[in-house]
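Reviewing the structure listed below.
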Amino acid sequence: MQYHESMIDLVGNTPLLKLTGVTEGIEATVLAKVEYFNPGGSVKDRIALRMIEAAEASGELRPGGTIVEPTSGNTGVGLAIVAQRKGYRCVFVCPDKVSTDKINVLRAYGAEVVVCPTAVDPEHPDSYYNVSDRLVREIPDAWKPDQYSNPNNPRSHYETTGPELWDQTEGRITHFVAGIGTGGTISGTGRYLKEVSDGRVRVIGADPEGSVYSGGSGRPYLVEGVGEDFWPDAYDREIADDIVAVSDRDSFRMTRRLAREEGLLVGGSCGMAVAAALEVARPLGPDAVVVVLLPDGGRGYLSKIFNDEWMADYGFLEGGEPETRVGDVL
Ligand code: PMP
C-alpha cells in the first residue's frame with residue numbers, strides 16, 4: 001500500500017511547472033515552483049514545520065504547549081496543521097481588517113483567533129503587536145515562533161526549497177526569482193543555490209512598488225504577503241543580486257493571466273513574482289533556466305484580484321484584455 005502517515009509528511013517536494021502561455025517571445029526556460037501543492041496550500045508549511053521542530057528540540061515548545069503568533073494568513077494555516085498533528089494549541093492574533101474567510105480557515109483547523117482593532121496605534125494595549133506579546137506572557141507554556149526573526153524560517157528553505165530546485169533542474173538553474181515578505185524564502189533558497197553553484201546562480205527579489213526592499217518608503221500597496229516597511233532579521237540583505245519593483249496593476253494582471261493562460265489559480269504575490277521573472281528572462285538566451293517561486297493558491301483572492309468590479313475600481317482593467325462581465329453570454 002502507498003500512503004502517508006501524516007499531513008506533515010506531505011510538506012515540501014512541490015512540482016516545477018514550465019510556463020508556456022505567458023512566456024511568448026522569451027527564449028529562456030521559465031519554470032514555476034508551485035507551492036500551493038503543500039498541504040496547507042502555501043510555501044509557509046515549510047517554515048511552520050521547521051520552526052516547530054526546532055522549538056521542540058531546544059525545549060522552547062513543551063508537550064501540550066501553546067503556539068501564539070500574530071498572523072492571519074498562510075503561516076497560521078501551516079502552524080495550525082503541524083500543531084494539530086503534534087498536539088499543540090494555537091492562538092493567532094490578527095487585525096480586524098482580515099477577511100472572515102481567512103479567520104474561519106484558521107478556526108476550521110481548531111486554532112483560536114483573537115481579533116484586534118486596526119484603528120489603534122502600535123503602542124496601544126489592544127494593538128495587534130501588544131496583544132500577542134501579552135498572550136505569550138499570560139498563557140502557560142506559550143511559545144511565539146516570530147517568523148520575522150526566527151532563523152529557522154530561512155533555514156527551512158536552505159534545507160528543503162534550495163536542494164529541491166537544484167535536484168529538479170539537475171543543476172541547470174541559472175536564475176532564482178522570489179517575492180520578499182519576511183525574506184525567508186529568498187534568503188534560505190538563495191544562499192543554498194549560490195553555495196552549491198559556486199556563486200553562478202543569480203538571485204532576484206520581486207517587490208511591490210513602495211516597499212523598502214526596492215528602495216521605497218513603505219507606502220501602501222495592495223499585493224498581500226510581500227514587501228515591508230521595515231527590515232526583518234530573516235532577510236539577508238546581501239543575498240539578492242537585483243530587486244525588481246512591480247506595480248499592483250502589473251502584479252494582478254499577471255495573476256489573472258496565469259489562471260487563463262497556464263491553468264494556475266494563484267495569489268497576487270505569484271503574479272508579481274512572475275512579472276519580475278519575465279523581465280529577468282526576456283534578454284536571456286535559450287540556455288538560461290529561470291525558476292520563479294509561487295507562494296500560494298488563488299482561492300483566497302476570488303473577491304479581489306479575480307473580481308472584475310474590484311479590479312475596475314482601482315483602474316486595473318483599463319486598456320487591457322476583454323473581461324467577462326455580468327450579463328455576458330457564457
Ligand atoms: N507571498 C505570500 C502570499 C506570502 O504569504 C509570503 C509570506 N509572507 C510571501 C509571498 C513571501 O515569503 P517570505 O516571507 O519567505 O519572504
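So you can find residues: chains in the C-alpha cells are A, B, ... in the order shown, residues in each start at 1, and ligands are numbered from 1 in order.
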Test item: residues no farther than 10 Å from ligand 1, counting only C-alpha atoms and all ligand atoms, as a ChimeraX atom specification: /A:42-44,46-47,71-76,147-148,153-154,156-157,178-189,205-207,223-228,232,234-235,266-273,293-298,300
All residues 10 Å or closer to segment 114-126 of chain A, only C-alpha atoms, same chain fewer than 2 positions away omitted, as a PyMOL selection string: chain A and resi 70+72+91-98+103+111-112+128-135
Point-to-point distance from atom CA of Glu238 of chain A to atom CA of Pro151 of chain A, Å rounded to tenths: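 Separation of atom CA of Glu238 of chain A and atom CA of Pro151 of chain A: 15.7 Å.
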Quick one: contact table of segment 104-185 of chain A to segment 51-65 of chain A, 8 Å max, nearest atom pair and distance in Å to one decimal per residue, counting only C-alpha atoms, chain and number order, as CSV?
residue,atom,partner,partner_atom,distance
A:Pro140,CA,A:Gly65,CA,7.6
A:Asp141,CA,A:Gly65,CA,4.9
A:Ala142,CA,A:Gly65,CA,5.9
A:Trp143,CA,A:Leu61,CA,6.0
A:Pro145,CA,A:Met51,CA,6.5
A:Asn150,CA,A:Met51,CA,7.5
A:Asn152,CA,A:Met51,CA,5.3
A:Asn153,CA,A:Met51,CA,6.6
Could you write out that same residue set with N, CA and C atoms as a short mmCIF file (atom, residue, chain, number, x, y, z; two decimals), in the first residue's frame?
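What landed in selection.cif:
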data_model
loop_
_atom_site.label_atom_id
_atom_site.label_comp_id
_atom_site.auth_asym_id
_atom_site.auth_seq_id
_atom_site.Cartn_x
_atom_site.Cartn_y
_atom_site.Cartn_z
N PRO A 140 0.38 29.82 30.05
CA PRO A 140 1.49 28.95 30.47
C PRO A 140 2.02 28.12 29.29
N ASP A 141 3.31 27.90 29.23
CA ASP A 141 3.93 27.13 28.16
C ASP A 141 3.62 27.69 26.76
N ALA A 142 3.58 29.02 26.68
CA ALA A 142 3.35 29.64 25.37
C ALA A 142 4.68 29.86 24.67
N TRP A 143 4.64 29.74 23.36
CA TRP A 143 5.85 29.96 22.54
C TRP A 143 5.45 30.71 21.28
N PRO A 145 6.63 31.74 17.58
CA PRO A 145 7.63 31.42 16.54
C PRO A 145 8.34 32.66 15.99
N ASN A 150 12.92 34.55 13.26
CA ASN A 150 13.33 33.18 13.55
C ASN A 150 14.28 32.64 12.47
N ASN A 152 15.07 29.77 11.80
CA ASN A 152 14.57 28.53 11.18
C ASN A 152 13.63 28.79 10.01
N ASN A 153 13.20 30.04 9.85
CA ASN A 153 12.43 30.40 8.65
C ASN A 153 13.35 30.29 7.42
#
Members of segment 255-303 of chain A assigned strand (DSSP E or B) by DSSP, as a ChimeraX atom specification: /A:266,289-294,296-297
Alpha helix (DSSP H) call set, DSSP backbone run, segment 113-233 of chain A, as a PyMOL selection string: chain A and resi 128-138+152-156+162-168+184-196
Pull N, CA and C atoms from the residues just selected and write them as an mmCIF file, in the first residue's frame.
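File written: selection_30.cif
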data_model
loop_
_atom_site.group_PDB
_atom_site.id
_atom_site.type_symbol
_atom_site.label_atom_id
_atom_site.label_comp_id
_atom_site.auth_asym_id
_atom_site.auth_seq_id
_atom_site.Cartn_x
_atom_site.Cartn_y
_atom_site.Cartn_z
ATOM 1 N N TYR A 128 -2.505 44.829 17.751
ATOM 2 C CA TYR A 128 -2.099 43.518 17.257
ATOM 3 C C TYR A 128 -0.778 43.044 17.895
ATOM 4 N N TYR A 129 0.211 43.938 17.925
ATOM 5 C CA TYR A 129 1.534 43.575 18.455
ATOM 6 C C TYR A 129 1.481 43.341 19.963
ATOM 7 N N ASN A 130 0.824 44.280 20.685
ATOM 8 C CA ASN A 130 0.803 44.174 22.145
ATOM 9 C C ASN A 130 -0.026 43.002 22.625
ATOM 10 N N VAL A 131 -1.125 42.708 21.947
ATOM 11 C CA VAL A 131 -1.967 41.595 22.386
ATOM 12 C C VAL A 131 -1.198 40.278 22.267
ATOM 13 N N SER A 132 -0.460 40.088 21.168
ATOM 14 C CA SER A 132 0.249 38.803 21.038
ATOM 15 C C SER A 132 1.346 38.695 22.096
ATOM 16 N N ASP A 133 2.054 39.798 22.395
ATOM 17 C CA ASP A 133 3.083 39.740 23.452
ATOM 18 C C ASP A 133 2.455 39.428 24.811
ATOM 19 N N ARG A 134 1.279 40.045 25.074
ATOM 20 C CA ARG A 134 0.625 39.805 26.367
ATOM 21 C C ARG A 134 0.189 38.341 26.483
ATOM 22 N N LEU A 135 -0.351 37.790 25.402
ATOM 23 C CA LEU A 135 -0.796 36.389 25.450
ATOM 24 C C LEU A 135 0.386 35.452 25.713
ATOM 25 N N VAL A 136 1.531 35.757 25.105
ATOM 26 C CA VAL A 136 2.713 34.911 25.332
ATOM 27 C C VAL A 136 3.102 34.945 26.812
ATOM 28 N N ARG A 137 3.002 36.121 27.420
ATOM 29 C CA ARG A 137 3.350 36.223 28.856
ATOM 30 C C ARG A 137 2.328 35.514 29.735
ATOM 31 N N GLU A 138 1.055 35.613 29.358
ATOM 32 C CA GLU A 138 -0.005 35.141 30.256
ATOM 33 C C GLU A 138 -0.336 33.658 30.112
ATOM 34 N N ASN A 152 15.072 29.766 11.796
ATOM 35 C CA ASN A 152 14.573 28.531 11.180
ATOM 36 C C ASN A 152 13.631 28.787 10.010
ATOM 37 N N ASN A 153 13.201 30.039 9.845
ATOM 38 C CA ASN A 153 12.435 30.401 8.652
ATOM 39 C C ASN A 153 13.350 30.288 7.422
ATOM 40 N N PRO A 154 14.412 31.120 7.291
ATOM 41 C CA PRO A 154 15.305 30.903 6.140
ATOM 42 C C PRO A 154 15.942 29.513 6.112
ATOM 43 N N ARG A 155 16.232 28.961 7.298
ATOM 44 C CA ARG A 155 16.883 27.638 7.319
ATOM 45 C C ARG A 155 16.020 26.572 6.656
ATOM 46 N N SER A 156 14.704 26.646 6.831
ATOM 47 C CA SER A 156 13.831 25.632 6.212
ATOM 48 C C SER A 156 13.982 25.656 4.691
ATOM 49 N N GLY A 162 15.812 24.966 -1.548
ATOM 50 C CA GLY A 162 17.042 25.084 -2.341
ATOM 51 C C GLY A 162 17.469 23.749 -2.935
ATOM 52 N N PRO A 163 17.673 22.706 -2.090
ATOM 53 C CA PRO A 163 18.060 21.400 -2.645
ATOM 54 C C PRO A 163 17.039 20.835 -3.635
ATOM 55 N N GLU A 164 15.750 21.048 -3.374
ATOM 56 C CA GLU A 164 14.745 20.548 -4.335
ATOM 57 C C GLU A 164 14.953 21.178 -5.707
ATOM 58 N N LEU A 165 15.207 22.496 -5.738
ATOM 59 C CA LEU A 165 15.364 23.175 -7.033
ATOM 60 C C LEU A 165 16.631 22.718 -7.748
ATOM 61 N N TRP A 166 17.686 22.512 -6.983
ATOM 62 C CA TRP A 166 18.943 22.052 -7.589
ATOM 63 C C TRP A 166 18.740 20.659 -8.203
ATOM 64 N N ASP A 167 18.075 19.773 -7.466
ATOM 65 C CA ASP A 167 17.830 18.413 -7.970
ATOM 66 C C ASP A 167 16.857 18.425 -9.150
ATOM 67 N N GLN A 168 15.772 19.178 -9.017
ATOM 68 C CA GLN A 168 14.746 19.171 -10.069
ATOM 69 C C GLN A 168 15.281 19.726 -11.386
ATOM 70 N N GLY A 184 12.469 35.125 4.233
ATOM 71 C CA GLY A 184 12.925 33.760 4.496
ATOM 72 C C GLY A 184 13.141 32.956 3.222
ATOM 73 N N THR A 185 12.208 33.037 2.287
ATOM 74 C CA THR A 185 12.298 32.229 1.063
ATOM 75 C C THR A 185 13.543 32.584 0.261
ATOM 76 N N ILE A 186 13.690 33.872 -0.043
ATOM 77 C CA ILE A 186 14.809 34.273 -0.911
ATOM 78 C C ILE A 186 16.147 34.078 -0.207
ATOM 79 N N SER A 187 16.201 34.324 1.109
ATOM 80 C CA SER A 187 17.477 34.242 1.819
ATOM 81 C C SER A 187 17.957 32.801 1.923
ATOM 82 N N GLY A 188 17.080 31.890 2.345
ATOM 83 C CA GLY A 188 17.482 30.498 2.530
ATOM 84 C C GLY A 188 17.708 29.788 1.207
ATOM 85 N N THR A 189 16.753 29.927 0.282
ATOM 86 C CA THR A 189 16.879 29.262 -1.025
ATOM 87 C C THR A 189 18.060 29.851 -1.786
ATOM 88 N N GLY A 190 18.145 31.182 -1.768
ATOM 89 C CA GLY A 190 19.207 31.873 -2.499
ATOM 90 C C GLY A 190 20.588 31.476 -1.995
ATOM 91 N N ARG A 191 20.741 31.395 -0.671
ATOM 92 C CA ARG A 191 22.061 31.048 -0.134
ATOM 93 C C ARG A 191 22.453 29.626 -0.535
ATOM 94 N N TYR A 192 21.501 28.688 -0.445
ATOM 95 C CA TYR A 192 21.819 27.315 -0.849
ATOM 96 C C TYR A 192 22.241 27.269 -2.317
ATOM 97 N N LEU A 193 21.463 27.919 -3.175
ATOM 98 C CA LEU A 193 21.741 27.846 -4.613
ATOM 99 C C LEU A 193 23.080 28.501 -4.965
ATOM 100 N N LYS A 194 23.416 29.572 -4.265
ATOM 101 C CA LYS A 194 24.716 30.220 -4.534
ATOM 102 C C LYS A 194 25.863 29.327 -4.068
ATOM 103 N N GLU A 195 25.683 28.712 -2.910
ATOM 104 C CA GLU A 195 26.753 27.842 -2.397
ATOM 105 C C GLU A 195 26.973 26.639 -3.310
ATOM 106 N N VAL A 196 25.890 25.987 -3.695
ATOM 107 C CA VAL A 196 26.010 24.743 -4.453
ATOM 108 C C VAL A 196 26.508 24.997 -5.877
#
Contacts of Ser303 of chain A at 12 Å (only C-alpha atoms; same-chain gap of 5+ positions) as a PyMOL selection string: chain A and resi 99+101+267+298+308-311
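Here the question is which of A:Ala28, A:Val244, A:Met1, A:Val274 gets nearest to Val212 of chain A using only C-alpha atoms, and that residue is A:Val244.
Among A:Arg249, A:Arg299, A:His175, A:Arg282, the residue with the shortest atom-to-atom distance to Leu264 of chain A, counting only C-alpha atoms, is A:Arg299.
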Nearest to Ala275 of chain A, chosen from A:Pro208, A:Gly87, A:Gly171, A:Gly40, with only C-alpha atoms counted in the distances: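 Among A:Pro208, A:Gly87, A:Gly171, A:Gly40, it is A:Pro208 that comes nearest to Ala275 of chain A.
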Given only C-alpha atoms as the counted atoms, nearest of A:Phe176, A:Tyr3, A:Tyr109, A:Tyr36 to Val289 of chain A: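 For Val289 of chain A, the nearest of the candidates is A:Phe176.
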Best match for closeness to Thr14 of chain A among A:Pro286, A:Thr160, A:Cys90, A:Glu27, counting only C-alpha atoms: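 That would be A:Thr160, the residue with the smallest distance to Thr14 of chain A.
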Residues near Val11 of chain A, cut-off 7 Å, only C-alpha atoms, skip fewer than 4 positions along chain, as a list in words: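 Residues meeting the cut-off are Asn38, Pro39, Asp45 and Arg46 of chain A.
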Residues of the last selection are to be written out with N, CA and C atoms, as a PDB file, in the first residue's frame.
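Generated output (result-v8.pdb):
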ATOM      1  N   ASN A  38       1.546  22.285  -1.300  1.00  0.00           N
ATOM      2  CA  ASN A  38       1.757  21.935   0.110  1.00  0.00           C
ATOM      3  C   ASN A  38       0.402  21.695   0.787  1.00  0.00           C
ATOM      4  N   PRO A  39       0.382  20.894   1.886  1.00  0.00           N
ATOM      5  CA  PRO A  39      -0.925  20.532   2.484  1.00  0.00           C
ATOM      6  C   PRO A  39      -1.744  21.719   2.985  1.00  0.00           C
ATOM      7  N   ASP A  45       4.030  26.279   4.914  1.00  0.00           N
ATOM      8  CA  ASP A  45       4.054  24.996   5.627  1.00  0.00           C
ATOM      9  C   ASP A  45       5.489  24.585   5.940  1.00  0.00           C
ATOM     10  N   ARG A  46       6.399  24.955   5.037  1.00  0.00           N
ATOM     11  CA  ARG A  46       7.808  24.565   5.228  1.00  0.00           C
ATOM     12  C   ARG A  46       8.378  25.202   6.491  1.00  0.00           C
TER      13      ARG A  46
END
Counting only C-alpha atoms, the option among A:Thr255, A:Thr29, A:Gln2, A:Gln84 closest to Gly110 of chain A: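 Ranked by minimum distance to Gly110 of chain A, first place goes to A:Gln84.
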